[in-house]
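For reference, the structure is listed below as C-alpha cells.
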Amino acid sequence: MRKSKLILAFTFMLGLCSKAIGQTKTASDDLISQPGIIIMIILLIIPLTIGVFILILKLSKVADKMVTDQELDEETRFAKYLSNLDGEEIETVLETRKKAIDFKLSNNELSGNENPLDNKGLIANVDEKAHIGFIASKKKALKRPNIDPDLSKLILWYLITATFWLVFGTTVGEYLGIKFVAPDVDHQSWLSFGRLRPVHTNAVFWGWSSLAMLGLGYYIVPMVSNTKIASLKKGWQSLYLVNATVILGSLCLMAGVNNAGGEYREYIWPVMALFGIGLIITLQNFIKTIANRTIKEIYISNWYIVSAIIFTLVISLVAYLPFWQDGLGETIVQGYYMHQGVGMWFMLFNLGLVYYFLPQQLNKPIYSYSLGIMAFWAQIFFYTVIGTHHFVFSAIPWWLQTVAIVGSVGMLIPVFAGTTNFFYTFKGSWYKIKNSYTLPFYLVGIVFYFTGSMQGTAEAFRYTNLVWHFTDFTTAHSHITMYGIIAFLLWGSIYAVVPRLTQKEPSHISVGLHFWMAFIGMLFYTIPLMIGGTLKGLMWMEAKPFIDSVVMMKPYWLWRAIGGSMMWFSHLVFAYNLYKMIAGKEATNIRKKGVEQFKNTALEIEPIA
C-alpha cells in the first residue's frame with residue numbers, strides 16, 4: 001500500500017497542471033492520465049540531461065588532455081632518442097626535420113607557371129577569410145574604456161561582502177536543515193527555527209544575491225554605456241547601507257524583533273529603510289551614468305537592471321506603508337511583495353546580467369535583441385499580477401485569484417522568449433562549454449530559468465495548489481528558482497568578471513568542484529522534497545493525522561540535509577576561489593601564465609572562457 005502511494009505521489013509530482021482551472025479531484029483518480037504529466041517529466045529530465053551533457057563535455061576535455069600528454073611523451077622519447085646520437089647524426093636529423101616543417105606549397109602545382117583562367121570570376125571573388133562553421137564570429141565592438149582601478153576595488157568589495165553573506169546565510173540554513181533530522185540539537189531561544197529561518201532567507205536575499213547583483217551592475221552599466229560610472233562615492237555609500245541592513249536585520253531577528261512575520265519582509269521598517277536608501281542612491285548613480293553614455297542605444301542589460309531597482313523600490317513601499325496592512329489587504333500585499341521580490345528584483349536584474357555576460361563569454365552577439373525586449377515587457381505585464389496565486393482557496397476574491405492564475409500562465413511568453421534567445425545564442429558554440437568554467441553555470445541557470453518558471457506556473461493551478469501549498473514542495477521550488485537560477489547565474493558572472501579585474505584566475509579543478517557539488521547537492525535537496533511534499537499533500541487531503549505526515553517526511557528531510565550539506569560545502573569552495581582570484585599568492589596570473597606557456601611549449605594560449 002505504501003509503495004503504491006509513493007508511486008502515485010511521484011507520478012502526480014510530475015504533473016504540470018489540472019485539466020482546467022478550478023477543477024478538483026481526489027487522490028484516488030488516475031493521475032497518470034493528466035496531460036500535464038508528460039510536460040513535468042520533461043521539466044525534471046531537462047536539468048538531469050544537461051548535467052550529463054556537461055559531464056560528457058568535461059570528460060572529453062580530460063580525454064583530449066590525455067592525448068596531449070601522450071604526444072608529449074612521444075616528444076620525450078624523441079628527445080631521449082636524440083640524446084643517444086652523436087653530434088653529426090643529431091644535426092642531420094634536426095636538419096631533415098626542419099626541412100619537413102618549413103616545406104610549403106607554391107600554389108601553382110596544378111597550373112604551372114601560368115595564371116589560372118577565371119573568366120567568370122569564380123576564383124577572384126572567393127573570400128579567403130570566409131566564416132568557418134565551428135568558429136563563432138562576432139561583430140566588432142566599440143573600443144571600451146579601461147576599468148578604473150578604483151571602480152574595480154568597489155566591485156570587488158561588493159562581491160567579497162556578498163560572498164561573506166552567502167557563507168553566513170547558508171551556514172544558518174545548513175544548521176536549520178540539521179534541525180529537521182535532529183530537532184533537539186539545541187534549546188536556545190535565539191537559535192530556534194522560527195528565528196533562524198528568516199535570518200537565513202534574508203541574509204541570502206539582501207546580503208548575498210543583492211550585493212552580488214549590485215556589484216556586477218557597477219561593472220556592466222558603465223561598460224555598455226561606454227563611459228565612466230557617475231559617482232564612485234555613491235557606490236560606496238550604497239555598499240555600506242546594504243551591509244548595515246543585513247547586520248542590523250539579522251541581529252534584530254535573532255533577538256525576536258521582527259515585522260510580524262511577513263515572509264521575506266521580516267526586517268522592521270527602520271532597518272529596511274536603509275536598504276531602500278541604498279537602492280535610491282544606486283538608481284541615481286546608474287541613471288546618471290546611462291544619461292552620460294557616449295553611444296546612442298541603451299543596451300538591453302541597462303533596461304533590465306534599472307527597471308529591477310525601480311520595481312524593488314515600489315514593492316518595498318507597498319509592503320511597508322501602513323495604509324493597507326489589515327485583514328485581506330495585508331494578505332494581498334504580502335503575495336504581491338513576496339513574488340515581485342523574486343521576479344522583479346532578482347530575476348529581472350539577473351536577466352540583465354545574462355544579456356551582457358553570455359554573449360561576452362561566447363564571443364558572439366545575443367541572438368535577438370528584439371526578442372529580449374519582448375520578453376522584458378511581457379514579464380512586466382504578467383509577473384506583476386501573479387502574487388495572489390499564493391493564496392488560492394483563501395478569502396481573497398475569486399476573480400483576483402483567477403487573474404493571478406491567468407498571469408502565471410501568461411509567464412510562458414517571457415520565459416519561452418528568454419530561454420529561446422539564450423539557447424539560440426549558444427547555437428554553434430556548444431563546444432565552448434568543454435573548455436570554459438563560466439558557461440556551465442550559465443547553462444544550468446538558463447535551464448532552471450525555464451524549468452523552475454514552468455514549475456511555478458504548474459503550482460498556480462487550483463488543484464496542484466491544493467496538494468502542494470504549505471508542503472515541502474514549495475521549499476524545493478523556491479530553491480530551484482533562487483538557487484538554481486539566481487545563484488548559478490551570479491557565480492557564472494563572478495567567475496567571468498573577477499579575472500578581468502585582478503588578472504588572476506582560480507584553479508579549474510576547484511571551480512569544477514564548486515559547480516558539481518552545488519548542482520548535485522541541489523538535486524539531492526529538491527527532488528526528495530518534491531516527492532515528500534506530494535505525499536504530505538495527499539495525506540492531508542485524505543484527512544490523515546498531521547503527525548503521520550511529519551513521520552513520513554523523515555527520510556526526505558535526511559536527503560534535504562545531505563543535499564544542503566553539499567551545497568554549503570560548495571559555497572566554501574567558492575569563497576576559496578574568490579580569495580584566489582583576488583588575494584591568493586598562488587593564484588594563476590593569466591598574463592604571466594600565457595607568456596611562460598608560449599615560451600616553453602609554443603602552444604596557443606587558451607582563453608579564460
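Convention: chains lettered A, B, ... in C-alpha cells order; per-chain residue numbering from 1; ligands numbered from 1 as shown.
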
For this session: Quick one: everything within 6 Å of segment 536-543 of chain A, counting only C-alpha atoms, minus sequence neighbours fewer than 5 positions away in the same chain. Send it as a list of chain:residue names.
Result: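 Neighbouring residues, sequence-local ones excluded: A:Val467, A:Trp468, A:Ser549.
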
Problem set entry | Shell of 12 Å around Met553 of chain A, only C-alpha atoms, local chain residues under 3 positions omitted, as a count of residues only | 27

Problem set entry | Shell of 8 Å around Ile480 of chain A, only C-alpha atoms, local chain residues under 6 positions omitted, as a ChimeraX atom specification | /A:448,452,522,526

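Candidate residues A:Thr201, A:Ser316, A:Ser408, A:Thr227 were compared for distance to Ala460 of chain A, and the nearest is A:Ser408, using only C-alpha atoms.
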
For this session: Record the distance separating atom CA of Asn350 of chain A and atom CA of Ile509 of chain A, expressed in Å with one decimal.
Result: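 So the answer is 26.0 Å.
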
Problem set entry | All residues 12 Å or closer to Asn243 of chain A, only C-alpha atoms, same chain fewer than 4 positions away omitted, as a ChimeraX atom specification | /A:157-165,202-208,210-212,236-239,247-250,271-272,274-275,278

For this session: Select, from A:Ser510, A:Val415, A:Ile277, A:Leu232, the residue with the minimum atom-to-atom distance to Pro149 of chain A, counting only C-alpha atoms.
Result: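 Comparing A:Ser510, A:Val415, A:Ile277, A:Leu232 against Pro149 of chain A, the winner is A:Leu232.
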
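Omitting Thr388 of chain A and its sequence neighbours fewer than 6 positions away, and counting only C-alpha atoms, the residues within 6 Å are Gly335, Gln401 and Ala404 of chain A.
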
Problem set entry | All residues 9 Å or closer to Phe391 of chain A, only C-alpha atoms, same chain fewer than 3 positions away omitted, as a list in words |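 Counting only the stated atoms, we get Thr331, Ile332, Gly335, Gly387, Thr388, Ser394, Ala395, Ile396, Gln401, Asn465 and His469 of chain A.
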
Exercise. For the atom pair atom CA of Ile562 of chain A and atom CA of Glu266 of chain A, what is the interatomic distance in Å to one decimal place?
Worked result: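 Those two atoms sit 27.9 Å apart.
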
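Across the structure, atom CA of Met581 of chain A and atom CA of Tyr431 of chain A are spaced 25.5 Å apart.
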
What are the closest atom pairs, with distances in Å to one decimal, for all residues of segment 175-250 of chain A lying within 10 Å of segment 291-295 of chain A? Consider only C-alpha atoms, order rows by chain and residue number, and present the result as a tab-separated table.
```
residue	atom	partner	partner_atom	distance
A:Val221	CA	A:Arg293	CA	9.6
A:Pro222	CA	A:Arg293	CA	7.8
A:Met223	CA	A:Arg293	CA	9.5
A:Val224	CA	A:Arg293	CA	8.4
A:Ser225	CA	A:Arg293	CA	4.6
A:Asn226	CA	A:Thr294	CA	5.8
A:Thr227	CA	A:Arg293	CA	5.6
A:Lys228	CA	A:Asn292	CA	8.4
A:Ile229	CA	A:Asn292	CA	9.0
A:Ala230	CA	A:Asn292	CA	8.0
```

Exercise. Which is closest to Ser453 of chain A among A:Ala63, A:Val342, A:Leu489, A:Met374, if we use only C-alpha atoms?
Worked result: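 Nearest to Ser453 of chain A: A:Val342.
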
If we count only C-alpha atoms and set the cut-off at 7 Å, which residues sit around Arg195 of chain A, ignoring sequence neighbours fewer than 3 positions away in its own chain? Please answer as a PDB file with all heavy atoms, in the first residue's frame.
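Resulting contents of result_12.pdb:
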```pdb
ATOM      1  N   TRP A 190      17.278  32.022  20.800  1.00  0.00           N
ATOM      2  CA  TRP A 190      17.777  32.751  19.639  1.00  0.00           C
ATOM      3  C   TRP A 190      18.288  31.824  18.546  1.00  0.00           C
ATOM      4  O   TRP A 190      18.582  32.272  17.443  1.00  0.00           O
ATOM      5  CB  TRP A 190      18.881  33.724  20.053  1.00  0.00           C
ATOM      6  CG  TRP A 190      20.055  33.062  20.725  1.00  0.00           C
ATOM      7  CD1 TRP A 190      20.156  32.678  22.014  1.00  0.00           C
ATOM      8  CD2 TRP A 190      21.299  32.731  20.111  1.00  0.00           C
ATOM      9  NE1 TRP A 190      21.371  32.111  22.263  1.00  0.00           N
ATOM     10  CE2 TRP A 190      22.102  32.141  21.103  1.00  0.00           C
ATOM     11  CE3 TRP A 190      21.825  32.876  18.819  1.00  0.00           C
ATOM     12  CZ2 TRP A 190      23.395  31.687  20.849  1.00  0.00           C
ATOM     13  CZ3 TRP A 190      23.109  32.439  18.566  1.00  0.00           C
ATOM     14  CH2 TRP A 190      23.885  31.845  19.574  1.00  0.00           C
ATOM     15  N   LEU A 191      18.341  30.507  18.843  1.00  0.00           N
ATOM     16  CA  LEU A 191      18.699  29.519  17.835  1.00  0.00           C
ATOM     17  C   LEU A 191      17.493  28.703  17.388  1.00  0.00           C
ATOM     18  O   LEU A 191      17.645  27.712  16.676  1.00  0.00           O
ATOM     19  CB  LEU A 191      19.780  28.576  18.374  1.00  0.00           C
ATOM     20  CG  LEU A 191      21.170  29.177  18.608  1.00  0.00           C
ATOM     21  CD1 LEU A 191      22.109  28.136  19.194  1.00  0.00           C
ATOM     22  CD2 LEU A 191      21.742  29.741  17.304  1.00  0.00           C
ATOM     23  N   SER A 192      16.302  29.124  17.783  1.00  0.00           N
ATOM     24  CA  SER A 192      15.105  28.384  17.400  1.00  0.00           C
ATOM     25  C   SER A 192      14.852  28.528  15.898  1.00  0.00           C
ATOM     26  O   SER A 192      15.301  29.474  15.258  1.00  0.00           O
ATOM     27  CB  SER A 192      13.894  28.902  18.178  1.00  0.00           C
ATOM     28  OG  SER A 192      13.641  30.264  17.857  1.00  0.00           O
ATOM     29  N   PRO A 198      14.185  33.117   9.099  1.00  0.00           N
ATOM     30  CA  PRO A 198      14.249  34.412   8.408  1.00  0.00           C
ATOM     31  C   PRO A 198      15.660  35.001   8.361  1.00  0.00           C
ATOM     32  O   PRO A 198      15.972  35.777   7.455  1.00  0.00           O
ATOM     33  CB  PRO A 198      13.299  35.304   9.203  1.00  0.00           C
ATOM     34  CG  PRO A 198      13.158  34.651  10.531  1.00  0.00           C
ATOM     35  CD  PRO A 198      13.285  33.182  10.267  1.00  0.00           C
ATOM     36  N   VAL A 199      16.515  34.660   9.342  1.00  0.00           N
ATOM     37  CA  VAL A 199      17.906  35.099   9.263  1.00  0.00           C
ATOM     38  C   VAL A 199      18.548  34.512   8.006  1.00  0.00           C
ATOM     39  O   VAL A 199      19.260  35.200   7.260  1.00  0.00           O
ATOM     40  CB  VAL A 199      18.693  34.676  10.522  1.00  0.00           C
ATOM     41  CG1 VAL A 199      20.187  34.937  10.344  1.00  0.00           C
ATOM     42  CG2 VAL A 199      18.174  35.429  11.745  1.00  0.00           C
ATOM     43  N   LEU A 253      16.353  39.951  14.203  1.00  0.00           N
ATOM     44  CA  LEU A 253      15.600  38.711  14.070  1.00  0.00           C
ATOM     45  C   LEU A 253      16.004  37.690  15.123  1.00  0.00           C
ATOM     46  O   LEU A 253      15.152  37.005  15.700  1.00  0.00           O
ATOM     47  CB  LEU A 253      15.808  38.126  12.668  1.00  0.00           C
ATOM     48  CG  LEU A 253      15.185  38.919  11.512  1.00  0.00           C
ATOM     49  CD1 LEU A 253      15.519  38.270  10.180  1.00  0.00           C
ATOM     50  CD2 LEU A 253      13.672  39.018  11.676  1.00  0.00           C
ATOM     51  N   MET A 254      17.303  37.591  15.401  1.00  0.00           N
ATOM     52  CA  MET A 254      17.761  36.642  16.411  1.00  0.00           C
ATOM     53  C   MET A 254      17.331  37.056  17.811  1.00  0.00           C
ATOM     54  O   MET A 254      17.206  36.221  18.717  1.00  0.00           O
ATOM     55  CB  MET A 254      19.275  36.471  16.328  1.00  0.00           C
ATOM     56  CG  MET A 254      19.744  35.862  15.008  1.00  0.00           C
ATOM     57  SD  MET A 254      21.519  35.633  14.892  1.00  0.00           S
ATOM     58  CE  MET A 254      21.749  34.218  15.942  1.00  0.00           C
ATOM     59  N   GLY A 256      14.418  38.366  18.310  1.00  0.00           N
ATOM     60  CA  GLY A 256      12.967  38.260  18.336  1.00  0.00           C
ATOM     61  C   GLY A 256      12.236  39.509  17.899  1.00  0.00           C
ATOM     62  O   GLY A 256      11.016  39.604  18.043  1.00  0.00           O
TER      63      GLY A 256
END
```

Exercise. Which residue, A:Tyr576, A:Phe53, A:Phe470, A:Phe450, has the smallest gap to Val511 of chain A when you use only C-alpha atoms?
Worked result: A:Tyr576

Problem set entry | Which of segment 205-400 of chain A fall in helix (DSSP H, G or I), as JSON, numbers by chain | {"A": [205, 206, 207, 208, 209, 210, 211, 212, 213, 214, 215, 216, 217, 218, 219, 220, 221, 222, 223, 224, 225, 232, 233, 234, 235, 236, 237, 238, 239, 240, 241, 242, 243, 244, 245, 246, 247, 248, 249, 250, 251, 252, 253, 254, 269, 270, 271, 272, 273, 274, 275, 276, 277, 278, 279, 280, 281, 282, 283, 284, 285, 286, 287, 288, 289, 290, 291, 300, 301, 302, 303, 304, 305, 306, 307, 308, 309, 310, 311, 312, 313, 314, 315, 316, 317, 318, 319, 320, 322, 323, 324, 327, 328, 329, 330, 331, 332, 333, 334, 335, 336, 337, 338, 339, 340, 341, 342, 343, 344, 345, 346, 347, 348, 349, 350, 351, 352, 353, 354, 355, 356, 357, 358, 359, 360, 361, 362, 369, 370, 371, 372, 373, 374, 375, 376, 377, 378, 379, 380, 381, 382, 383, 387, 388, 389, 390, 391, 398, 399, 400]}
